[in-house]
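A.B. asks: What follows is protein09.cif; its format and atoms are mmCIF, C-alpha atoms.
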```cif
data_model
#
loop_
_atom_site.label_atom_id
_atom_site.label_comp_id
_atom_site.auth_asym_id
_atom_site.auth_seq_id
_atom_site.Cartn_x
_atom_site.Cartn_y
_atom_site.Cartn_z
CA MET A 92 16.30 -2.74 -12.49
CA THR A 93 18.70 -3.21 -9.61
CA TYR A 94 19.21 -1.43 -6.34
CA ALA A 95 22.55 -0.67 -4.70
CA HIS A 96 21.77 -2.91 -1.73
CA GLU A 97 21.24 -5.99 -3.91
CA GLY A 98 24.94 -6.40 -4.54
CA ASP A 99 25.59 -5.79 -0.86
CA ALA A 100 23.09 -8.53 0.03
CA GLY A 101 25.01 -11.01 -2.12
CA TRP A 102 28.26 -10.24 -0.30
CA ILE A 103 26.50 -10.36 3.07
CA GLN A 104 25.16 -13.82 2.23
CA ARG A 105 28.68 -15.01 1.35
CA GLN A 106 30.11 -13.53 4.57
CA TYR A 107 27.30 -15.11 6.61
CA ARG A 108 28.39 -18.52 5.31
CA GLU A 109 32.08 -17.80 5.83
CA LEU A 110 31.47 -16.84 9.46
CA GLY A 111 29.47 -20.01 10.11
CA SER A 112 26.73 -18.16 11.97
CA PRO A 113 24.42 -20.38 14.04
CA PHE A 114 21.49 -17.99 13.48
CA VAL A 115 18.78 -18.28 10.83
CA TYR A 116 19.35 -15.79 8.01
CA LEU A 117 16.27 -13.85 6.91
CA GLY A 118 17.14 -11.32 4.24
CA SER A 119 15.38 -8.32 2.75
CA PRO A 120 13.56 -8.47 -0.61
CA GLY A 121 16.87 -7.61 -2.31
CA SER A 122 18.32 -10.85 -0.92
CA GLN A 123 16.35 -13.02 -3.33
CA VAL A 124 16.57 -11.17 -6.64
CA ARG A 125 18.58 -12.48 -9.57
CA SER A 126 21.47 -9.98 -9.29
CA THR A 127 22.03 -10.86 -5.62
CA LEU A 128 21.88 -14.60 -6.26
CA ASP A 129 24.39 -14.19 -9.10
CA ILE A 130 26.84 -12.75 -6.56
CA SER A 131 26.15 -15.03 -3.62
CA LYS A 132 25.83 -18.23 -5.70
CA GLU A 133 25.93 -21.36 -3.51
CA ALA A 134 26.20 -19.27 -0.31
CA ALA A 135 22.52 -18.38 -0.69
CA GLU A 136 21.33 -22.00 -0.70
CA GLY A 137 18.87 -22.63 2.10
CA LEU A 138 18.73 -19.01 3.24
CA LEU A 139 15.40 -17.30 3.83
CA ALA A 140 14.26 -13.94 2.48
CA VAL A 141 11.19 -11.74 2.53
CA ALA A 142 9.91 -11.35 -1.01
CA ASP A 143 7.36 -8.97 -2.42
CA PHE A 144 6.91 -11.02 -5.58
CA VAL A 145 7.17 -14.75 -6.13
CA PRO A 146 5.54 -16.49 -9.09
CA GLY A 147 2.67 -18.63 -7.93
CA GLN A 148 1.38 -16.40 -5.13
CA SER A 149 -1.95 -15.88 -6.91
CA ALA A 150 -3.71 -16.06 -10.26
CA VAL A 151 -3.02 -12.32 -10.83
CA ASN A 152 0.63 -12.96 -10.06
CA GLN A 153 0.83 -15.93 -12.46
CA ARG A 154 -0.75 -13.94 -15.32
CA TYR A 155 1.73 -11.09 -14.75
CA ALA A 156 4.74 -13.43 -14.69
CA GLU A 157 3.62 -15.10 -17.94
CA ALA A 158 2.88 -11.78 -19.69
CA TYR A 159 6.29 -10.47 -18.58
CA ARG A 160 8.01 -13.60 -19.92
CA GLN A 161 6.20 -13.31 -23.26
CA GLU A 162 6.90 -9.59 -23.64
CA TYR A 163 10.55 -9.52 -22.57
CA LYS A 164 11.65 -13.11 -23.33
CA GLU A 165 13.09 -13.50 -19.83
CA GLU A 166 11.94 -14.26 -16.31
CA PHE A 167 10.32 -11.44 -14.35
CA GLU A 168 12.39 -9.12 -12.22
CA PRO A 169 10.57 -8.86 -8.86
CA THR A 170 11.03 -5.11 -8.48
CA GLY A 171 8.97 -4.45 -11.62
CA GLY A 172 5.85 -5.61 -9.82
CA TRP A 173 6.06 -2.62 -7.45
CA ALA A 174 5.64 -0.09 -10.25
CA TYR A 175 3.00 -2.22 -11.99
CA ASP A 176 0.82 -2.41 -8.87
CA ALA A 177 1.36 1.26 -7.98
CA LEU A 178 0.17 2.41 -11.41
CA ASN A 179 -2.82 0.08 -11.35
CA ILE A 180 -3.83 1.25 -7.86
CA LEU A 181 -3.59 4.86 -9.03
CA ALA A 182 -5.62 4.09 -12.17
CA ALA A 183 -8.30 2.33 -10.11
CA ALA A 184 -8.54 5.33 -7.79
CA ILE A 185 -8.82 7.75 -10.74
CA ARG A 186 -11.63 5.63 -12.24
CA VAL A 187 -13.53 5.97 -8.94
CA ALA A 188 -12.67 9.57 -8.04
CA GLY A 189 -12.06 11.39 -11.29
CA GLU A 190 -9.18 13.83 -11.57
CA ASP A 191 -9.50 15.64 -8.24
CA ARG A 192 -6.29 14.94 -6.30
CA ALA A 193 -7.93 14.97 -2.87
CA LYS A 194 -10.61 12.53 -4.03
CA ILE A 195 -7.96 10.28 -5.62
CA ARG A 196 -6.14 10.19 -2.28
CA GLU A 197 -9.39 9.34 -0.48
CA ALA A 198 -10.13 6.57 -3.00
CA ILE A 199 -6.68 5.03 -2.47
CA LEU A 200 -7.00 5.20 1.32
CA ALA A 201 -10.43 3.54 1.09
CA MET A 202 -9.06 0.55 -0.85
CA LYS A 203 -9.24 -2.71 1.03
CA GLY A 204 -8.12 -6.01 -0.44
CA TYR A 205 -7.02 -4.71 -3.85
CA GLN A 206 -5.58 -7.75 -5.67
CA GLY A 207 -2.29 -6.88 -7.36
CA VAL A 208 0.65 -8.93 -8.58
CA LEU A 209 2.39 -8.43 -5.22
CA GLY A 210 -0.65 -9.67 -3.34
CA SER A 211 -3.53 -8.05 -1.53
CA PHE A 212 -3.26 -4.31 -0.76
CA SER A 213 -5.08 -2.21 1.83
CA PHE A 214 -4.35 1.26 3.15
CA THR A 215 -4.59 2.76 6.60
CA PRO A 216 -6.31 6.14 7.15
CA ASN A 217 -2.91 7.84 7.47
CA GLY A 218 -1.65 6.43 4.17
CA ASP A 219 0.38 3.38 5.13
CA GLY A 220 0.18 0.77 2.40
CA LEU A 221 -0.25 -2.75 3.69
CA HIS A 222 0.33 -5.63 1.34
CA GLU A 223 1.01 -9.29 1.31
CA VAL A 224 4.61 -10.43 1.55
CA SER A 225 6.09 -13.86 1.17
CA VAL A 226 8.85 -15.79 2.82
CA VAL A 227 11.02 -17.73 0.40
CA ARG A 228 13.83 -20.25 0.75
CA ILE A 229 16.62 -20.19 -1.82
CA GLU A 230 16.76 -23.62 -3.47
CA ASN A 231 18.84 -24.44 -6.52
CA GLY A 232 19.65 -20.76 -6.91
CA ARG A 233 16.01 -19.64 -7.04
CA PRO A 234 13.50 -18.40 -4.48
CA ARG A 235 10.85 -21.00 -3.56
CA LEU A 236 7.64 -19.79 -1.94
CA MET A 237 7.24 -21.02 1.63
CA LYS A 238 4.43 -18.84 2.95
CA SER A 239 2.55 -15.63 2.17
CA VAL A 240 1.50 -13.32 5.00
CA SER A 241 -1.09 -10.56 4.74
CA VAL A 242 -1.49 -7.64 7.12
CA GLU A 243 -4.91 -6.04 7.11
CA ALA A 244 -5.72 -2.43 7.92
CA ARG A 245 -7.53 -1.82 11.20
#
```
Could you write out this file's structure as structure tokens?
C.D. replies:
Amino acid sequence: MTYAHEGDAGWIQRQYRELGSPFVYLGSPGSQVRSTLDISKEAAEGLLAVADFVPGQSAVNQRYAEAYRQEYKEEFEPTGGWAYDALNILAAAIRVAGEDRAKIREAILAMKGYQGVLGSFSFTPNGDGLHEVSVVRIENGRPRLMKSVSVEAR
């Protein structure tokens, strides 16, 4: 799965290098996916990006990455983790609330610290999903986890 902005991110990374910017580059999640790095190549080396999914964030994450590799005979694609977690959050809410849509919504909003492949999820009363994100540095053409940051609901 790719998004239109991923290709743009690769060209932006190349232009950033060509311009010789003195500022630190911190890209969006699309800045560190395989399709972007294929375009930007060496221009991405050393750049930072926010990443929703980086192997090694957690035990849940590691199991997902390994299962993905076994099933598809290739490395994970980070965007697949979004759908995986979304479906599992919905399934967990249905197990708690049954099939009533209003109760499912309430169950999702009540979730705090749900452990998914993208990290820990919580939800605010108005429906904002808060989850862990990571900062990565591109090294040898691959994202390397630097730090994970979690925002908790208040």
A.B. asks: Hey, which of A:Leu200, A:Ser213, A:Ser122, A:Val224 ends up closest to Leu236 (chain A)? Count all atoms listed in the file.
C.D. replies: A:Val224
A.B. asks: To test your reading of the syntax: which residues would the PyMOL selection byres ((chain A and resi 227) around 8) return for the file shown? Reply as a list in words.
C.D. replies: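 Output from the PyMOL selection byres ((chain A and resi 227) around 8), applied to this file: Leu139, Ala140, Val141, Ala142, Ser225, Val226, Arg228, Ile229, Pro234, Arg235, Leu236, Met237 and Lys238 of chain A.
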A.B. asks: Might you spell out which residues the PyMOL selection byres ((chain A and resi 143) around 10) would select in the displayed file, as a list in words?
C.D. replies: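 So the PyMOL selection byres ((chain A and resi 143) around 10), applied here, picks out Ser119, Pro120, Gly121, Gln123, Ala140, Val141, Ala142, Phe144, Val145, Gln148, Pro169, Thr170, Gly172, Trp173, Val208, Leu209, Gly210, His222, Glu223, Val224, Ser225, Val226, Val227 and Ser239 of chain A.
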A.B. asks: Within 12 Å of Asn179 (chain A), counting only C-alpha atoms, which residues show up once you throw out same-chain ones fewer than 4 positions away? Write them as a PyMOL selection string, please.
C.D. replies: chain A and resi 172-175+183-186+199+205-209+212
A.B. asks: Counting all atoms listed in the file, figure out which residue out of A:Ala135, A:Leu181, A:Val115, A:Ala158 gets nearest to Glu197 (chain A).
C.D. replies: A:Leu181
A.B. asks: Using the chain letters and numbers from the file, give me the residues hit by the PyMOL selection byres ((chain A and resi 128-133) around 9), as an MDAnalysis selection string.
C.D. replies: chainID A and resid 97:98 100:105 122:127 134:136 229 231:233
A.B. asks: To one decimal in Å, tell me the separation between CA of Ile195 (chain A) and CA of Ser211 (chain A).
C.D. replies: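 Computing it gives 19.3 Å between the two atoms.
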A.B. asks: At what distance in Å, to one decimal, does CA of Gly189 (chain A) lie from CA of Val151 (chain A)?
C.D. replies: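 One can read the CA of Val151 (chain A) to CA of Gly189 (chain A) distance as 25.4 Å.
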A.B. asks: Please, what is the axis-aligned box for every listed atom of region 215-229 of chain A with 8 Å on each side, as centre and edge lengths in Å to one decimal, as lines of an AutoDock Vina configuration file?
C.D. replies:
```
center_x = 5.2
center_y = -6.2
center_z = 2.8
size_x = 38.9
size_y = 44.1
size_z = 25.3
```
A.B. asks: Using CA of Glu165 (chain A) and CA of Gln153 (chain A) as the two end points, give the distance in Å to one decimal.
C.D. replies: 14.5 Å
A.B. asks: Residues within 8 Å of Ala156 (chain A), please, as a ChimeraX atom specification. Count only C-alpha atoms; anything in the same chain fewer than 5 positions from it doesn't count.
C.D. replies: /A:146,166-167
